Amino acid sequence: MKININKLDHVQICIPFDHEDQARDFYSRILGLQEIEKPDSLKSNGGLWYKIGDIELHIGAEEMGSYKSKRHPAFQVEELQEVRSYLEISGISTFDEKPIPLVERFSFYDPFGNRIEFLQRTN
């Protein structure tokens, strides 16, 4: 059997329980993402959902460890260097990633230790 995967539907990262206000400030205000309503059946679990283009970012609430994992979403953005400057002015530390041909990229951590990568293809 061949599995036909059409597209990425969503990415899930995590925040500690009861930190939705801090997550909303970071993802809605600083990153400017569009929050969408979670289904009623999942609201009691906590967390937030966002729409980014044709995918969703699901931010779940759970007990968080003190380690920083390699798991992360990577988002293509326009004007990568201007975005990086804006994040740094907003107090977000960014760091370079290992080079990939035809891709400029950097990463940063959200307030909960989730790594996020922004990239721009250079063709």
# chains A, B, ... in the order shown; residues from 1 in each chain; ligands from 1
call {"tool": "closest_atom_pairs", "arguments": {"of": "stretch 40-117 of chain A", "to": "stretch 14-35 of chain A", "cutoff": "9 Å", "atoms": "only C-alpha atoms", "output": "CSV"}}
result
residue,atom,partner,partner_atom,distance
A:Asn45,CA,A:Phe17,CA,9.0
A:Gly46,CA,A:Phe17,CA,7.1
A:Gly47,CA,A:Glu20,CA,6.0
A:Leu48,CA,A:Glu20,CA,7.0
A:Trp49,CA,A:Glu35,CA,5.8
A:Tyr50,CA,A:Glu35,CA,4.2
A:Lys51,CA,A:Gln34,CA,5.6
A:Ile52,CA,A:Leu33,CA,6.9
A:His58,CA,A:Cys14,CA,8.2
A:Ile59,CA,A:Cys14,CA,5.2
A:Gly60,CA,A:Cys14,CA,4.7
A:Ala61,CA,A:Phe17,CA,4.9
A:Glu62,CA,A:Pro16,CA,5.2
A:Glu63,CA,A:Pro16,CA,5.6
A:Met64,CA,A:Pro16,CA,5.6
A:Leu87,CA,A:Ile30,CA,7.8
A:Ser90,CA,A:Ile30,CA,7.5
A:Asp110,CA,A:Phe26,CA,7.5
A:Pro111,CA,A:Ala23,CA,7.6
A:Phe112,CA,A:Ile15,CA,5.6
A:Gly113,CA,A:Ile15,CA,8.3
A:Asn114,CA,A:Cys14,CA,7.1
call {"tool": "write_last_selection", "arguments": {"atoms": "C-alpha atoms", "output": "PDB file, in the first residue's frame"}}
result
ATOM      1  CA  ASN A  45      -7.658  20.394  27.896  1.00  0.00           C
ATOM      2  CA  GLY A  46      -6.324  23.963  27.812  1.00  0.00           C
ATOM      3  CA  GLY A  47      -4.035  25.375  25.149  1.00  0.00           C
ATOM      4  CA  LEU A  48      -4.614  27.472  22.036  1.00  0.00           C
ATOM      5  CA  TRP A  49      -4.909  26.956  18.279  1.00  0.00           C
ATOM      6  CA  TYR A  50      -3.707  29.255  15.503  1.00  0.00           C
ATOM      7  CA  LYS A  51      -4.211  29.391  11.736  1.00  0.00           C
ATOM      8  CA  ILE A  52      -1.059  29.999   9.672  1.00  0.00           C
ATOM      9  CA  HIS A  58      -1.827  23.633  18.055  1.00  0.00           C
ATOM     10  CA  ILE A  59      -0.412  24.656  21.410  1.00  0.00           C
ATOM     11  CA  GLY A  60      -1.256  22.014  23.990  1.00  0.00           C
ATOM     12  CA  ALA A  61      -1.026  22.308  27.759  1.00  0.00           C
ATOM     13  CA  GLU A  62       0.920  19.673  29.698  1.00  0.00           C
ATOM     14  CA  GLU A  63       3.518  19.130  32.394  1.00  0.00           C
ATOM     15  CA  MET A  64       6.732  20.494  30.907  1.00  0.00           C
ATOM     16  CA  LEU A  87      12.006  39.701  17.276  1.00  0.00           C
ATOM     17  CA  SER A  90      11.000  42.576  21.151  1.00  0.00           C
ATOM     18  CA  ASP A 110       9.116  30.756  22.765  1.00  0.00           C
ATOM     19  CA  PRO A 111       8.659  31.549  26.473  1.00  0.00           C
ATOM     20  CA  PHE A 112       7.972  27.840  27.129  1.00  0.00           C
ATOM     21  CA  GLY A 113      11.089  26.319  25.566  1.00  0.00           C
ATOM     22  CA  ASN A 114       9.543  25.386  22.210  1.00  0.00           C
TER      23      ASN A 114
END
call {"tool": "select_by_dssp", "arguments": {"residues": "stretch 3-90 of chain A", "states": "alpha helix (DSSP H)", "output": "list in words"}}
result
Glu20, Asp21, Gln22, Ala23, Arg24, Asp40, Ser41, Leu42, Lys43, Leu80, Gln81, Glu82, Val83, Arg84, Ser85, Tyr86, Leu87, Glu88 and Ile89 of chain A
call {"tool": "atom_distance", "arguments": {"atom1": "atom CA of A:Glu117", "atom2": "atom CA of A:Ser44"}}
result
29.1 Å
call {"tool": "residues_around", "arguments": {"residues": "A:Ile100", "least_positions_apart": "6", "cutoff": "12 Å", "atoms": "only C-alpha atoms", "output": "ChimeraX atom specification"}}
result
/A:106,119-123
call {"tool": "write_last_selection", "arguments": {"atoms": "C-alpha atoms", "output": "compact mmCIF listing (two decimals), in the first residue's frame"}}
result
# COMPACT_ATOMS: atom_id res chain seq x y z
CA PHE A 106 17.30 31.16 12.20
CA LEU A 119 13.26 30.47 7.02
CA GLN A 120 13.33 32.07 3.62
CA ARG A 121 14.24 30.21 0.45
CA THR A 122 16.78 32.00 -1.72
CA ASN A 123 16.32 29.94 -4.93
call {"tool": "residues_around", "arguments": {"residues": "A:Pro73", "least_positions_apart": "2", "cutoff": "8 Å", "atoms": "only C-alpha atoms", "output": "list in words"}}
result
Val11, Arg71, Phe75, Arg115, Ile116 and Glu117 of chain A
call {"tool": "closest_residue", "arguments": {"among": "A:Phe118, A:Pro101, A:Tyr109, A:Leu42", "to": "A:Glu78", "atoms": "only C-alpha atoms"}}
result
A:Phe118
call {"tool": "atom_distance", "arguments": {"atom1": "atom CA of A:Lys7", "atom2": "atom CA of A:Ile36"}}
result
19.7 Å
call {"tool": "atom_distance", "arguments": {"atom1": "atom CA of A:Ile5", "atom2": "atom CA of A:Leu102"}}
result
24.9 Å
call {"tool": "select_by_dssp", "arguments": {"residues": "chain A", "states": "strand (DSSP E)", "output": "NGL selection string"}}
result
:A and (10-15 or 34-36 or 48-52 or 55-61 or 74-76 or 94-96 or 103-109 or 115-121)
call {"tool": "write_last_selection", "arguments": {"atoms": "N, CA and C atoms", "output": "compact mmCIF listing (two decimals), in the first residue's frame"}}
result
# COMPACT_ATOMS: atom_id res chain seq x y z
N HIS A 10 -1.27 20.19 10.69
CA HIS A 10 -0.96 21.01 11.86
C HIS A 10 0.31 20.54 12.53
N VAL A 11 0.86 21.42 13.36
CA VAL A 11 2.01 21.13 14.20
C VAL A 11 1.56 21.40 15.62
N GLN A 12 1.96 20.53 16.56
CA GLN A 12 1.63 20.78 17.97
C GLN A 12 2.90 20.97 18.76
N ILE A 13 2.90 22.05 19.56
CA ILE A 13 3.94 22.29 20.54
C ILE A 13 3.23 22.42 21.89
N CYS A 14 3.98 22.62 22.96
CA CYS A 14 3.35 22.60 24.28
C CYS A 14 3.75 23.77 25.16
N ILE A 15 2.87 24.07 26.09
CA ILE A 15 3.08 25.07 27.13
C ILE A 15 2.69 24.42 28.46
N GLN A 34 -3.02 34.43 13.91
CA GLN A 34 -4.48 34.48 14.03
C GLN A 34 -4.97 33.31 14.87
N GLU A 35 -5.47 33.60 16.06
CA GLU A 35 -6.00 32.53 16.92
C GLU A 35 -7.34 32.05 16.36
N ILE A 36 -7.55 30.74 16.42
CA ILE A 36 -8.82 30.14 16.02
C ILE A 36 -9.39 29.39 17.21
N LEU A 48 -4.13 26.53 23.05
CA LEU A 48 -4.61 27.47 22.04
C LEU A 48 -4.37 26.89 20.65
N TRP A 49 -5.13 27.33 19.68
CA TRP A 49 -4.91 26.96 18.28
C TRP A 49 -4.77 28.22 17.45
N TYR A 50 -3.91 28.15 16.42
CA TYR A 50 -3.71 29.25 15.50
C TYR A 50 -3.77 28.76 14.07
N LYS A 51 -4.19 29.65 13.17
CA LYS A 51 -4.21 29.39 11.74
C LYS A 51 -3.03 30.13 11.12
N ILE A 52 -2.21 29.40 10.35
CA ILE A 52 -1.06 30.00 9.67
C ILE A 52 -1.11 29.53 8.23
N ILE A 55 -2.15 25.78 7.26
CA ILE A 55 -1.92 24.81 8.33
C ILE A 55 -2.33 25.43 9.66
N GLU A 56 -2.33 24.62 10.69
CA GLU A 56 -2.66 25.09 12.03
C GLU A 56 -1.50 24.80 12.98
N LEU A 57 -1.32 25.68 13.95
CA LEU A 57 -0.40 25.48 15.05
C LEU A 57 -1.23 25.21 16.28
N HIS A 58 -1.11 24.01 16.84
CA HIS A 58 -1.83 23.63 18.06
C HIS A 58 -0.86 23.74 19.22
N ILE A 59 -1.24 24.49 20.22
CA ILE A 59 -0.41 24.66 21.41
C ILE A 59 -1.14 23.96 22.55
N GLY A 60 -0.63 22.80 22.94
CA GLY A 60 -1.26 22.01 23.99
C GLY A 60 -0.69 22.35 25.35
N ALA A 61 -1.47 22.08 26.38
CA ALA A 61 -1.03 22.31 27.76
C ALA A 61 -0.69 20.96 28.40
N ALA A 74 8.77 24.75 11.50
CA ALA A 74 9.55 25.68 10.68
C ALA A 74 8.59 26.39 9.74
N PHE A 75 8.62 27.71 9.74
CA PHE A 75 7.70 28.50 8.95
C PHE A 75 8.47 29.35 7.94
N GLN A 76 8.03 29.34 6.69
CA GLN A 76 8.59 30.24 5.70
C GLN A 76 8.04 31.63 5.96
N THR A 94 17.59 35.19 19.23
CA THR A 94 17.58 34.34 18.04
C THR A 94 18.96 33.71 17.90
N PHE A 95 19.04 32.62 17.16
CA PHE A 95 20.33 31.99 16.91
C PHE A 95 20.36 31.39 15.52
N ASP A 96 21.56 31.40 14.94
CA ASP A 96 21.75 30.85 13.60
C ASP A 96 21.64 29.34 13.64
N VAL A 103 18.76 28.23 1.46
CA VAL A 103 17.84 28.57 2.55
C VAL A 103 18.58 29.44 3.55
N GLU A 104 17.97 30.58 3.88
CA GLU A 104 18.43 31.39 5.02
C GLU A 104 17.49 31.06 6.16
N ARG A 105 18.03 30.90 7.38
CA ARG A 105 17.16 30.51 8.49
C ARG A 105 17.76 30.88 9.83
N PHE A 106 16.89 30.99 10.81
CA PHE A 106 17.30 31.16 12.20
C PHE A 106 16.21 30.57 13.07
N SER A 107 16.55 30.36 14.33
CA SER A 107 15.59 29.82 15.28
C SER A 107 15.54 30.68 16.52
N PHE A 108 14.52 30.43 17.33
CA PHE A 108 14.36 31.08 18.62
C PHE A 108 13.47 30.18 19.46
N TYR A 109 13.43 30.46 20.75
CA TYR A 109 12.56 29.71 21.65
C TYR A 109 11.42 30.60 22.11
N ARG A 115 11.19 25.35 20.44
CA ARG A 115 12.02 25.93 19.38
C ARG A 115 11.16 26.19 18.15
N ILE A 116 11.34 27.35 17.54
CA ILE A 116 10.63 27.73 16.32
C ILE A 116 11.67 28.18 15.31
N GLU A 117 11.54 27.70 14.10
CA GLU A 117 12.46 28.09 13.03
C GLU A 117 11.71 28.94 12.02
N PHE A 118 12.32 30.04 11.60
CA PHE A 118 11.82 30.86 10.50
C PHE A 118 12.85 30.73 9.39
N LEU A 119 12.35 30.61 8.16
CA LEU A 119 13.26 30.47 7.02
C LEU A 119 12.73 31.19 5.81
N GLN A 120 13.66 31.46 4.91
CA GLN A 120 13.33 32.07 3.62
C GLN A 120 14.18 31.38 2.57
N ARG A 121 13.52 30.88 1.54
CA ARG A 121 14.24 30.21 0.45
C ARG A 121 14.85 31.26 -0.47
